[in-house]
file work-v5.txt (compact mmCIF, C-alpha atoms)
# COMPACT_ATOMS: atom_id res chain seq x y z
CA MET A 1 19.02 1.70 20.94
CA ALA A 2 15.45 2.98 20.80
CA VAL A 3 13.67 2.81 17.46
CA THR A 4 12.57 6.24 16.27
CA GLU A 5 9.00 6.34 15.04
CA PRO A 6 8.64 7.82 11.53
CA ARG A 7 7.03 11.21 11.22
CA ARG A 8 3.27 11.01 10.83
CA THR A 9 2.10 13.71 8.47
CA VAL A 10 -1.43 14.70 7.49
CA TYR A 11 -1.59 16.47 4.14
CA VAL A 12 -4.62 18.78 4.09
CA VAL A 13 -5.93 19.84 0.68
CA ASP A 14 -8.75 22.40 0.85
CA ASP A 15 -9.41 25.62 -1.06
CA ASP A 16 -10.84 27.32 2.06
CA ALA A 17 -8.03 29.10 3.95
CA SER A 18 -10.01 29.15 7.22
CA VAL A 19 -10.50 25.37 7.05
CA ARG A 20 -6.81 24.80 6.38
CA LYS A 21 -5.93 26.95 9.37
CA SER A 22 -8.43 25.44 11.84
CA VAL A 23 -7.92 21.82 10.81
CA GLY A 24 -4.16 22.28 10.76
CA ARG A 25 -4.21 23.67 14.29
CA LEU A 26 -6.42 20.80 15.49
CA LEU A 27 -4.20 18.10 14.01
CA ARG A 28 -1.01 19.67 15.34
CA THR A 29 -2.59 19.80 18.79
CA ALA A 30 -3.16 16.05 18.43
CA GLY A 31 0.59 15.60 17.90
CA LEU A 32 0.59 15.23 14.12
CA GLN A 33 2.74 16.91 11.51
CA VAL A 34 0.62 18.89 9.05
CA GLU A 35 1.20 20.25 5.57
CA VAL A 36 -1.55 22.28 3.89
CA PHE A 37 -2.32 22.91 0.22
CA ALA A 38 -4.88 25.19 -1.40
CA SER A 39 -5.55 23.00 -4.43
CA ALA A 40 -5.07 19.56 -5.91
CA ASP A 41 -2.53 20.88 -8.40
CA GLU A 42 -0.51 22.52 -5.62
CA PHE A 43 -0.39 19.18 -3.82
CA LEU A 44 0.68 17.33 -6.98
CA ALA A 45 3.41 19.91 -7.54
CA HIS A 46 4.81 19.14 -4.07
CA PRO A 47 4.16 15.41 -3.54
CA PRO A 48 4.64 13.98 -0.06
CA SER A 49 8.01 12.57 0.88
CA ASP A 50 8.41 8.95 1.85
CA GLU A 51 6.95 9.36 5.32
CA SER A 52 4.07 7.81 7.17
CA GLY A 53 0.95 9.81 6.48
CA CYS A 54 -2.48 10.32 5.01
CA LEU A 55 -4.39 12.83 2.92
CA LEU A 56 -7.33 14.87 4.26
CA LEU A 57 -8.99 15.93 1.04
CA ASP A 58 -11.82 18.33 0.23
CA LEU A 59 -14.21 16.88 -2.33
CA LYS A 60 -15.31 19.99 -4.22
CA MET A 61 -12.62 22.51 -5.17
CA PRO A 62 -12.04 24.87 -8.09
CA GLY A 63 -10.03 23.20 -10.84
CA ARG A 64 -9.20 19.57 -10.18
CA ASN A 65 -11.58 18.20 -7.54
CA GLY A 66 -10.87 15.66 -4.83
CA LEU A 67 -11.97 12.64 -6.82
CA GLU A 68 -9.79 13.70 -9.74
CA LEU A 69 -6.82 14.05 -7.41
CA GLN A 70 -7.50 10.58 -6.04
CA GLU A 71 -7.54 9.18 -9.59
CA ALA A 72 -4.32 11.03 -10.46
CA LEU A 73 -2.53 9.53 -7.47
CA VAL A 74 -3.71 6.03 -8.36
CA ALA A 75 -2.60 6.50 -11.98
CA ALA A 76 0.82 7.72 -10.81
CA HIS A 77 1.18 4.70 -8.48
CA LYS A 78 1.50 7.00 -5.45
CA PRO A 79 -0.88 5.38 -2.98
CA ILE A 80 -1.75 7.33 0.15
CA PRO A 81 -4.73 6.69 2.44
CA ILE A 82 -7.38 9.36 1.85
CA VAL A 83 -10.07 10.78 4.11
CA PHE A 84 -12.54 12.82 2.07
CA VAL A 85 -14.30 15.81 3.60
CA THR A 86 -17.26 17.54 1.99
CA GLY A 87 -20.04 19.97 2.78
CA HIS A 88 -22.30 18.15 0.34
CA GLY A 89 -23.86 14.76 1.10
CA ASP A 90 -23.22 13.35 -2.34
CA ILE A 91 -23.90 9.59 -2.20
CA ALA A 92 -22.61 8.92 -5.73
CA ALA A 93 -19.37 10.76 -4.96
CA SER A 94 -18.91 8.89 -1.66
CA VAL A 95 -19.41 5.53 -3.40
CA ARG A 96 -16.90 6.50 -6.09
CA ALA A 97 -14.42 7.65 -3.46
CA MET A 98 -14.69 4.45 -1.42
CA LYS A 99 -14.39 2.27 -4.53
CA GLY A 100 -11.24 4.22 -5.31
CA GLY A 101 -9.78 3.16 -1.98
CA ALA A 102 -10.70 6.04 0.33
CA VAL A 103 -10.55 5.21 4.03
CA ASP A 104 -13.45 7.46 5.05
CA PHE A 105 -15.88 10.08 3.79
CA LEU A 106 -16.83 12.79 6.28
CA THR A 107 -19.70 15.22 5.76
CA LYS A 108 -19.58 18.66 7.34
CA PRO A 109 -20.29 19.46 10.06
CA TYR A 110 -18.28 16.66 11.67
CA SER A 111 -17.07 16.40 15.23
CA VAL A 112 -13.46 16.63 16.34
CA GLU A 113 -13.68 13.01 17.44
CA GLU A 114 -14.92 11.87 14.03
CA LEU A 115 -12.08 13.66 12.28
CA LEU A 116 -9.35 12.36 14.56
CA GLU A 117 -10.71 8.82 14.43
CA ALA A 118 -10.81 8.91 10.62
CA VAL A 119 -7.24 10.21 10.50
CA GLU A 120 -6.08 7.48 12.88
CA ARG A 121 -7.73 4.82 10.70
CA ALA A 122 -5.98 6.25 7.67
CA MET A 123 -2.65 6.31 9.50
CA ALA A 124 -3.13 2.70 10.58
CA LYS A 125 -3.84 1.71 6.98
CA ASP A 126 -0.71 3.51 5.83
CA LYS A 127 1.33 1.58 8.40
CA ARG A 128 -0.15 -1.76 7.27
CA ASP A 129 0.37 -0.93 3.61
CA ARG A 130 4.01 0.03 4.18
CA ARG A 131 4.68 -3.14 6.16
CA GLU A 132 3.09 -5.31 3.48
CA GLN A 133 5.02 -3.55 0.72
CA ALA A 134 8.29 -4.03 2.60
CA GLN A 135 7.54 -7.73 2.98
CA LEU A 136 6.69 -8.04 -0.71
CA THR A 137 9.88 -6.25 -1.72
CA GLU A 138 11.87 -8.68 0.41
CA LEU A 139 10.10 -11.68 -1.16
CA GLU A 140 10.80 -10.34 -4.64
CA SER A 141 14.47 -9.96 -3.73
CA ARG A 142 14.62 -13.58 -2.57
CA ALA A 143 12.87 -14.80 -5.73
CA ARG A 144 15.37 -12.94 -7.94
CA ALA A 145 18.19 -14.86 -6.21
CA LEU A 146 16.85 -18.16 -7.60
CA THR A 147 18.60 -19.75 -10.56
CA PRO A 148 16.53 -20.40 -13.71
CA ARG A 149 16.11 -24.06 -12.77
CA GLU A 150 15.21 -23.25 -9.18
CA ALA A 151 12.55 -20.82 -10.39
CA GLU A 152 11.09 -23.56 -12.59
CA VAL A 153 11.04 -26.00 -9.68
CA LEU A 154 9.36 -23.41 -7.45
CA ARG A 155 6.68 -22.75 -10.05
CA LEU A 156 5.86 -26.45 -10.28
CA VAL A 157 6.05 -27.48 -6.62
CA VAL A 158 3.72 -24.70 -5.50
CA ARG A 159 1.19 -26.05 -8.00
CA GLY A 160 1.20 -29.22 -5.91
CA LEU A 161 3.30 -31.45 -8.17
CA LEU A 162 5.24 -34.27 -6.52
CA ASN A 163 8.99 -34.51 -6.99
CA LYS A 164 8.63 -37.29 -9.56
CA GLN A 165 6.09 -35.21 -11.49
CA VAL A 166 8.39 -32.20 -11.46
CA ALA A 167 11.23 -34.42 -12.64
CA ALA A 168 9.13 -35.70 -15.54
CA GLU A 169 8.01 -32.16 -16.43
CA LEU A 170 11.58 -30.81 -16.52
CA GLY A 171 13.33 -33.92 -17.84
CA ILE A 172 15.64 -34.26 -14.84
CA SER A 173 16.07 -36.85 -12.10
CA GLU A 174 13.97 -36.90 -8.96
CA LYS A 175 17.15 -36.63 -6.90
CA THR A 176 18.05 -33.40 -8.73
CA VAL A 177 14.57 -32.04 -8.05
CA LYS A 178 15.05 -32.69 -4.34
CA VAL A 179 18.32 -30.75 -4.40
CA HIS A 180 16.74 -27.78 -6.20
CA ARG A 181 13.72 -27.89 -3.93
CA ALA A 182 15.93 -27.73 -0.83
CA ARG A 183 17.81 -24.77 -2.28
CA VAL A 184 14.54 -23.00 -3.07
CA MET A 185 13.35 -23.49 0.50
CA HIS A 186 16.64 -22.10 1.79
CA LYS A 187 16.81 -19.07 -0.52
CA MET A 188 13.16 -18.17 0.03
CA ARG A 189 13.62 -18.75 3.80
CA ALA A 190 10.50 -20.88 3.92
CA ASP A 191 9.89 -22.94 7.05
CA SER A 192 7.49 -25.33 5.34
CA MET A 193 5.88 -26.09 2.00
CA ALA A 194 2.75 -24.26 3.13
CA ASP A 195 4.94 -21.24 3.90
CA LEU A 196 6.52 -21.45 0.44
CA VAL A 197 3.11 -21.63 -1.24
CA ARG A 198 1.97 -18.51 0.64
CA MET A 199 5.11 -16.68 -0.43
CA ALA A 200 4.67 -17.64 -4.07
CA GLY A 201 1.04 -16.58 -3.91
CA ARG A 202 2.10 -13.04 -2.97
CA LEU A 203 4.48 -12.75 -5.92
CA HIS A 204 2.81 -11.32 -9.02
CA PRO A 205 3.59 -12.46 -11.57
CA ALA A 206 4.82 -15.86 -10.44
CA PRO A 207 8.61 -16.19 -10.02
CA ARG A 208 10.50 -16.44 -13.29
CA ALA A 209 13.93 -17.64 -14.16
CA ARG A 210 16.50 -14.87 -14.25
call {"tool": "encode", "arguments": {"input": "work-v5.txt", "output": "structure tokens"}}
result
Amino acid sequence: MAVTEPRRTVYVVDDDASVRKSVGRLLRTAGLQVEVFASADEFLAHPPSDESGCLLLDLKMPGRNGLELQEALVAAHKPIPIVFVTGHGDIAASVRAMKGGAVDFLTKPYSVEELLEAVERAMAKDKRDRREQAQLTELESRARALTPREAEVLRLVVRGLLNKQVAAELGISEKTVKVHRARVMHKMRADSMADLVRMAGRLHPAPRAR
């Protein structure tokens, strides 16, 4: 059965109706889904669904501006790749936007190619972010399946302690440590100790006993 690609939606936030219309038409012609909003507050009132996408955001708008919308999304833990668009070459604003995680910062007038390339970069970032988040969620699920003792053993072995050192630390036999270590490897689906260390390094905070 063929795998259906998720919808790729560009959310356009701009107070200029003519810009919303022209950019929307351009992006749809490129095969993208488009949703347009006249203000930051309108966008926040109708947040994007859980679909692949990015935000094409005007910098200067009445009311909440683009940077303030970016900050609101970060504070709400609703990450979405952002491409800023502005008619003003504001270096300080561009630096602030990029530090906030923006993918690109386009200054009008920009070419069709520049816009589409920026949107594609944002879409690619969204895809990477979603894949990484799915992997992290899976790792967290595996870590929660560990028993309290297994979680303790994991915490110590990824620090580089030998089995006898772990045994001394926990007050158990080295043979018991080996059993727990094998179960940890199995439950975490780690192919090697290096693999297990990489997995543990992605878990924040470190795995705890349940």
call {"tool": "closest_residue", "arguments": {"input": "work-v5.txt", "among": "A:Ala45, A:Ala38, A:Ile80, A:Ala182", "to": "Arg130 in chain A", "atoms": "all atoms listed in the file"}}
result
A:Ile80
call {"tool": "residues_near_point", "arguments": {"input": "work-v5.txt", "point": "(-3.2, 18.4, -6.4)", "cutoff": "9 Å", "atoms": "all atoms listed in the file", "output": "VMD selection string"}}
result
chain A and resid 13 37 to 47 64 to 66 68 to 70 72 to 73
call {"tool": "residues_around", "arguments": {"input": "work-v5.txt", "residues": "range 183-185 of chain A", "least_positions_apart": "4", "cutoff": "8 Å", "atoms": "all atoms listed in the file", "output": "list in words"}}
result
Leu146, Glu150, Ala151, Leu154, Val179, Arg189, Ala190, Asp191, Ser192 and Leu196 of chain A
call {"tool": "closest_residue", "arguments": {"input": "work-v5.txt", "among": "A:Glu152, A:Leu27, A:Asp14, A:Val19", "to": "Glu113 in chain A", "atoms": "all atoms listed in the file"}}
result
A:Leu27
call {"tool": "atom_distance", "arguments": {"input": "work-v5.txt", "atom1": "CA of Tyr110 in chain A", "atom2": "CA of Leu59 in chain A"}}
result
14.6 Å
call {"tool": "atom_distance", "arguments": {"input": "work-v5.txt", "atom1": "CA of Gly87 in chain A", "atom2": "CA of Gly100 in chain A"}}
result
19.8 Å
call {"tool": "closest_residue", "arguments": {"input": "work-v5.txt", "among": "A:Arg181, A:Arg198, A:Arg128, A:Arg28", "to": "Leu116 in chain A", "atoms": "all atoms listed in the file"}}
result
A:Arg28
call {"tool": "atom_distance", "arguments": {"input": "work-v5.txt", "atom1": "CA of Pro62 in chain A", "atom2": "CA of Asp16 in chain A"}}
result
10.5 Å
